[in-house]
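Presented below is the structure to which this report refers.
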Amino acid sequence: MPAFSRQEFFQELAEGCLLPTAQQGLEQVWQLLVICLACRLLWRLGLPSYLKHLITVVGGFYSLYLFFELHMVWVVLLSLLCYLILFLCRHSNNRGTFLSVTILIYLLMGELHMMDTATWHKMRGSQMVVAMKAISLAFDLDRGTVPTVPSPVEFMGYIYFVGTVIFGPWISFNSYKEAIESRKLSFAWLLKVCTSWIKCQICLIISNCIAPYLFPYFIPIYGDRLLRKKKKRKNRGSVARWLHAYENAVSFHFSNYFVSYLSETTSTLAGAGFTEDKDNLKWDMTVARPLNVELPRSMVEVVTSWNLPMSRWLNTYVFKSALRLGTFPAILVTYTASALLHGLSFHLGAVLLSLGFITYVEHVLRRRLGTIFSACILSRRCPPDCNHQNKKNIWVYVINMVFSALSIFHLAYLGSLFDSDVDDMDTDEGYVANHTIQKWSELSWASHWVTFGCWVFYRLIR
């Protein structure tokens, strides 16, 4: 959207951005929603299990073709390779490790050799979901959570489950089996679908139409001066740079919430995402918690609330497996695994590895301060029956607010890389390393220096 005066901007906003964005969002996914609903209704017919698996495979295949056309063959090859490894290692107790290494090699070869980067990156989300499902199944087989290797049609039904094959989220094999049993249609199910859909559309509109223009138009801190500065990017002051970085971060955050709520919609529509306690059935799938990210208690809370299923997957299958190496090495292994799953993208790798250091330093520093002052100032909220003497003192709230402000500062810094101004660059190769270094240099590497200072302070009081 070109630069307007504030009055012209609001006049143009509805016709030029809000309505087109909502319309395009619906046009891109309506067929997927119909397929999810159709599979849900077919499963209600009491069909044999193998037929239900076949239906979800067909639905998943067609969904992949809608979004990726013939390039979907690379997702299919990955799934076939995963089942081959599971079958060959069916008598081993290290299936999770073998499959993880195989998937890593496949993804690296695909990224570097098998096809062009732009096309590969378009399928990155589906590749990541397939990899997470296969690895979790392999580890569950090793641990006995899943007793036997599924049949080919069961495995493919799980991998291509229509509710998760495009946008995710990751669900376990047992959750998939519960989904195709198809609980009865209910008002609570329909309400969850509609609520998640409305939220995803709101997040898409905020990401595209509001966040990029947050300070010059919606929160005019500097009045028209900031509008003029946005026209002359090279001459921006340090405060304007940080405001622009925060705009980029918010826009990127809400694009993630859009995908999160959309994945809630498709998964719930297809019959997944419920908890059952006796006769009480709750459609309560939660993929992201935006409030915990935008107004965080800590960076630890941010990374867990960003994508709850993926956070749970990383904790269960990566962090706990690597914990024997020590806490900090396990954190590095976890964030490295997340970076590799997201693809060979320098800016994503830089952000994720930076998050690893930031969250670790924050965690140990707040734990140490909590011990010294016997106060509820840890990275995670304390349970009501914790042993801390100081729980609701004013200074406890102040310290927690300082760390919350520090988390928002880190988020703005990390989010500065996701700049719409570089969309016209060579996006086939993602954000180049020079762009990452340039953006963080403009902000004086502030977040890294603050993290280093917090680590030094922690070592002094340890």
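The way I read the labels, and the way they are meant: chains A, B, ... in the order of the structure tokens, residue 1 as the first residue of every chain, and ligand 1 as the first ligand shown, with later ones counted on from there.
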So that I can check the secondary structure, give me every residue of range 80-117 of chain A assigned alpha helix (DSSP H) by backbone DSSP, as a list in words. Leu80, Leu81, Cys82, Tyr83, Leu84, Ile85, Leu86, Phe87, Leu88, Arg95, Gly96, Thr97, Phe98, Leu99, Ser100, Val101, Thr102, Ile103, Leu104, Ile105, Tyr106, Leu107, Leu108, Met109 and Thr117 of chain A
Write out as a list in words which residues come within 9 Å of range 87-96 of chain A when counting only C-alpha atoms, dropping same-chain ones fewer than 4 positions away.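 Close residues of range 87-96 of chain A: Cys82, Tyr83, Ser100, Val101, Ala134, Ile135, Ser136, Leu137, Ala138, Phe139, Asp140, Leu141, Asp142, Arg143, Thr148, Val149 and Tyr317 of chain A.
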Between A:Ile219, A:Val239, A:Leu70, A:Val57, which has the minimum distance to Tyr158 in chain A (counting only C-alpha atoms)? A:Val57
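CA of Leu406 in chain A is positioned 23.3 Å from CA of Tyr213 in chain A.
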Would you list the contacts of range 449-462 of chain A as a ChimeraX atom specification, taking every protein, DNA or RNA residue within 8 Å and counting only C-alpha atoms, but skipping same-chain residues closer than 4 positions in sequence? /A:357-358,361-362,364-365,368,445
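The smallest atom-to-atom distance between Gln31 in chain A and any of A:Asn256, A:Thr56, A:Ser63, A:Ser263, using only C-alpha atoms, is found for A:Ser63.
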Which residues, written as number ranges by chain, have at least one atom at most 12 Å from Leu378 in chain A, with only C-alpha atoms counted and residues fewer than 2 positions away on the same chain left out? A: 297-301, 359, 361-376, 380-383, 386, 388, 391, 396-397, 399-401, 403-404
Closest of A:Leu107, A:Ile394, A:Ile437, A:Met310 to Ile171 in chain A - atom-to-atom distances counting only C-alpha atoms: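 Counting only C-alpha atoms, the residue closest to Ile171 in chain A is A:Met310.
Interatomic distance, CA of Lys439 in chain A to CA of Ser354 in chain A: 14.6 Å.
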Nearby residues (only C-alpha atoms) at most 9 Å from Tyr246 in chain A, same-chain spacing under 4 positions excluded, as a list in words: Ala211, Arg241, Trp242, Val250, Ser251, Ile408, Phe409, Leu411, Ala412, Tyr413, Gly415 and Ser416 of chain A
Could you save the residues just selected, with all heavy atoms, as a CSV table (one decimal), in the first residue's frame?
```csv
chain,number,residue,atom,x,y,z
A,211,ALA,N,-0.6,-4.5,11.0
A,211,ALA,CA,0.8,-4.5,11.6
A,211,ALA,C,1.8,-3.7,10.8
A,211,ALA,O,2.6,-2.9,11.4
A,211,ALA,CB,1.2,-5.9,11.8
A,241,ARG,N,13.9,3.0,13.8
A,241,ARG,CA,14.3,1.6,13.4
A,241,ARG,C,13.7,0.6,14.3
A,241,ARG,O,13.2,-0.5,13.9
A,241,ARG,CB,15.8,1.5,13.5
A,241,ARG,CG,16.5,2.2,12.4
A,241,ARG,CD,18.0,1.7,12.3
A,241,ARG,NE,18.8,2.6,11.4
A,241,ARG,CZ,19.6,3.5,11.9
A,241,ARG,NH1,19.8,3.7,13.2
A,241,ARG,NH2,20.3,4.3,11.0
A,242,TRP,N,13.6,0.8,15.6
A,242,TRP,CA,13.1,-0.1,16.6
A,242,TRP,C,11.6,-0.2,16.4
A,242,TRP,O,11.0,-1.3,16.5
A,242,TRP,CB,13.4,0.3,18.0
A,242,TRP,CG,14.8,-0.2,18.4
A,242,TRP,CD1,15.9,0.5,18.4
A,242,TRP,CD2,15.2,-1.5,18.8
A,242,TRP,NE1,17.0,-0.3,18.8
A,242,TRP,CE2,16.6,-1.5,19.0
A,242,TRP,CE3,14.5,-2.7,18.9
A,242,TRP,CZ2,17.2,-2.7,19.4
A,242,TRP,CZ3,15.1,-3.9,19.3
A,242,TRP,CH2,16.5,-3.8,19.6
A,250,VAL,N,5.5,-8.0,14.7
A,250,VAL,CA,4.0,-8.2,14.9
A,250,VAL,C,3.4,-8.8,13.6
A,250,VAL,O,2.6,-9.7,13.7
A,250,VAL,CB,3.3,-6.9,15.3
A,250,VAL,CG1,1.8,-7.0,15.3
A,250,VAL,CG2,3.8,-6.4,16.7
A,251,SER,N,3.8,-8.3,12.5
A,251,SER,CA,3.3,-8.8,11.2
A,251,SER,C,3.6,-10.3,11.1
A,251,SER,O,2.8,-11.1,10.7
A,251,SER,CB,3.8,-8.0,10.0
A,251,SER,OG,3.3,-8.5,8.8
A,408,ILE,N,9.7,-8.6,25.1
A,408,ILE,CA,9.2,-7.8,24.0
A,408,ILE,C,10.4,-7.2,23.2
A,408,ILE,O,10.3,-7.2,21.9
A,408,ILE,CB,8.2,-6.8,24.5
A,408,ILE,CG1,7.0,-7.5,25.1
A,408,ILE,CG2,7.8,-5.9,23.3
A,408,ILE,CD1,6.0,-6.5,25.7
A,409,PHE,N,11.4,-6.7,23.9
A,409,PHE,CA,12.6,-6.2,23.2
A,409,PHE,C,13.2,-7.3,22.4
A,409,PHE,O,13.6,-7.0,21.2
A,409,PHE,CB,13.5,-5.7,24.3
A,409,PHE,CG,14.9,-5.5,23.9
A,409,PHE,CD1,15.3,-4.4,23.1
A,409,PHE,CD2,15.9,-6.4,24.3
A,409,PHE,CE1,16.6,-4.2,22.8
A,409,PHE,CE2,17.2,-6.3,23.9
A,409,PHE,CZ,17.6,-5.2,23.1
A,411,LEU,N,11.9,-9.9,21.1
A,411,LEU,CA,11.0,-10.3,20.0
A,411,LEU,C,11.1,-9.3,18.9
A,411,LEU,O,11.0,-9.6,17.7
A,411,LEU,CB,9.5,-10.4,20.5
A,411,LEU,CG,9.2,-11.6,21.3
A,411,LEU,CD1,7.8,-11.5,21.9
A,411,LEU,CD2,9.3,-12.9,20.5
A,412,ALA,N,11.1,-8.0,19.2
A,412,ALA,CA,11.3,-6.9,18.2
A,412,ALA,C,12.6,-7.1,17.4
A,412,ALA,O,12.6,-7.0,16.2
A,412,ALA,CB,11.1,-5.6,18.8
A,413,TYR,N,13.6,-7.4,18.2
A,413,TYR,CA,14.9,-7.5,17.6
A,413,TYR,C,15.0,-8.7,16.6
A,413,TYR,O,15.4,-8.7,15.5
A,413,TYR,CB,16.0,-7.7,18.7
A,413,TYR,CG,17.4,-8.0,18.2
A,413,TYR,CD1,18.2,-7.0,17.8
A,413,TYR,CD2,17.9,-9.3,18.2
A,413,TYR,CE1,19.5,-7.2,17.4
A,413,TYR,CE2,19.2,-9.6,17.8
A,413,TYR,CZ,20.0,-8.5,17.4
A,413,TYR,OH,21.3,-8.8,17.0
A,415,GLY,N,12.4,-10.3,15.3
A,415,GLY,CA,11.4,-10.1,14.2
A,415,GLY,C,11.8,-9.1,13.2
A,415,GLY,O,11.2,-9.1,12.1
A,416,SER,N,12.8,-8.3,13.4
A,416,SER,CA,13.3,-7.3,12.4
A,416,SER,C,13.7,-8.0,11.1
A,416,SER,O,13.7,-7.3,10.1
A,416,SER,CB,14.4,-6.5,13.0
A,416,SER,OG,15.6,-7.3,13.2
```
Distance of CA of Leu352 in chain A from CA of Pro309 in chain A, expressed in Å to one decimal place: 17.0 Å
Assign secondary structure with DSSP using the backbone only, and return the residues of range 149-288 of chain A in strand (DSSP E or B) as JSON, numbers by chain. {"A": [275, 276, 277, 280, 281, 282]}
Can you list, as a list in words, every protein, DNA or RNA residue that comes within 10 Å of Ala179 in chain A when you count only C-alpha atoms, leaving out same-chain residues fewer than 2 positions away?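 Listed by chain and then number, they are Arg40, Trp43, Phe161, Gly163, Phe173, Asn174, Ser175, Tyr176, Lys177, Glu181, Ser182, Arg183, Ser267, Thr268, Ala270, Gly271, Ala272, Gly273 and Phe274 of chain A.
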What's around Tyr160 in chain A at 9 Å? Count only C-alpha atoms, leave out sequence neighbours fewer than 2 positions away in its own chain, and write the answer as a list in words. Thr56, Val57, Val58, Gly59, Gly60, Phe61, Leu64, Ser79, Val130, Phe155, Met156, Gly157, Tyr158, Val162, Gly163, Thr164, Val165 and Ile166 of chain A
Go ahead and write the residues just picked, N, CA and C atoms, as a CSV table (one decimal), in the first residue's frame.
```
chain,number,residue,atom,x,y,z
A,56,THR,N,-8.8,-41.2,3.9
A,56,THR,CA,-7.9,-40.1,4.3
A,56,THR,C,-6.7,-40.0,3.5
A,57,VAL,N,-6.1,-41.1,2.9
A,57,VAL,CA,-5.0,-41.1,2.0
A,57,VAL,C,-5.4,-40.4,0.7
A,58,VAL,N,-6.6,-40.7,0.2
A,58,VAL,CA,-7.0,-40.1,-1.0
A,58,VAL,C,-7.3,-38.6,-0.8
A,59,GLY,N,-7.9,-38.2,0.3
A,59,GLY,CA,-8.1,-36.8,0.6
A,59,GLY,C,-6.8,-36.1,0.8
A,60,GLY,N,-5.8,-36.7,1.5
A,60,GLY,CA,-4.5,-36.0,1.6
A,60,GLY,C,-3.8,-35.9,0.3
A,61,PHE,N,-3.9,-36.9,-0.5
A,61,PHE,CA,-3.2,-36.8,-1.8
A,61,PHE,C,-3.8,-35.7,-2.7
A,64,LEU,N,-2.7,-32.3,-1.3
A,64,LEU,CA,-1.3,-32.0,-1.7
A,64,LEU,C,-1.3,-31.6,-3.2
A,79,SER,N,7.5,-39.9,2.6
A,79,SER,CA,6.6,-40.9,3.4
A,79,SER,C,7.0,-42.3,3.1
A,130,VAL,N,5.2,-34.2,7.9
A,130,VAL,CA,5.5,-35.7,7.6
A,130,VAL,C,6.7,-36.2,8.4
A,155,PHE,N,-0.3,-46.4,8.2
A,155,PHE,CA,0.8,-45.4,8.2
A,155,PHE,C,0.5,-44.3,7.2
A,156,MET,N,0.1,-44.6,6.0
A,156,MET,CA,-0.1,-43.5,5.0
A,156,MET,C,-1.3,-42.7,5.4
A,157,GLY,N,-2.3,-43.4,6.0
A,157,GLY,CA,-3.5,-42.6,6.5
A,157,GLY,C,-3.1,-41.6,7.6
A,158,TYR,N,-2.2,-42.0,8.5
A,158,TYR,CA,-1.7,-41.1,9.5
A,158,TYR,C,-0.9,-39.9,8.9
A,162,VAL,N,-5.9,-35.7,6.3
A,162,VAL,CA,-6.3,-34.5,5.5
A,162,VAL,C,-6.3,-33.2,6.4
A,163,GLY,N,-6.6,-33.4,7.7
A,163,GLY,CA,-6.7,-32.2,8.5
A,163,GLY,C,-5.4,-31.6,8.9
A,164,THR,N,-4.3,-32.3,8.7
A,164,THR,CA,-3.0,-31.8,9.1
A,164,THR,C,-1.9,-31.8,8.0
A,165,VAL,N,-2.2,-32.4,6.8
A,165,VAL,CA,-1.2,-32.6,5.8
A,165,VAL,C,-0.7,-31.4,5.2
A,166,ILE,N,-1.4,-30.3,5.2
A,166,ILE,CA,-1.0,-29.0,4.5
A,166,ILE,C,-0.4,-28.1,5.6
```
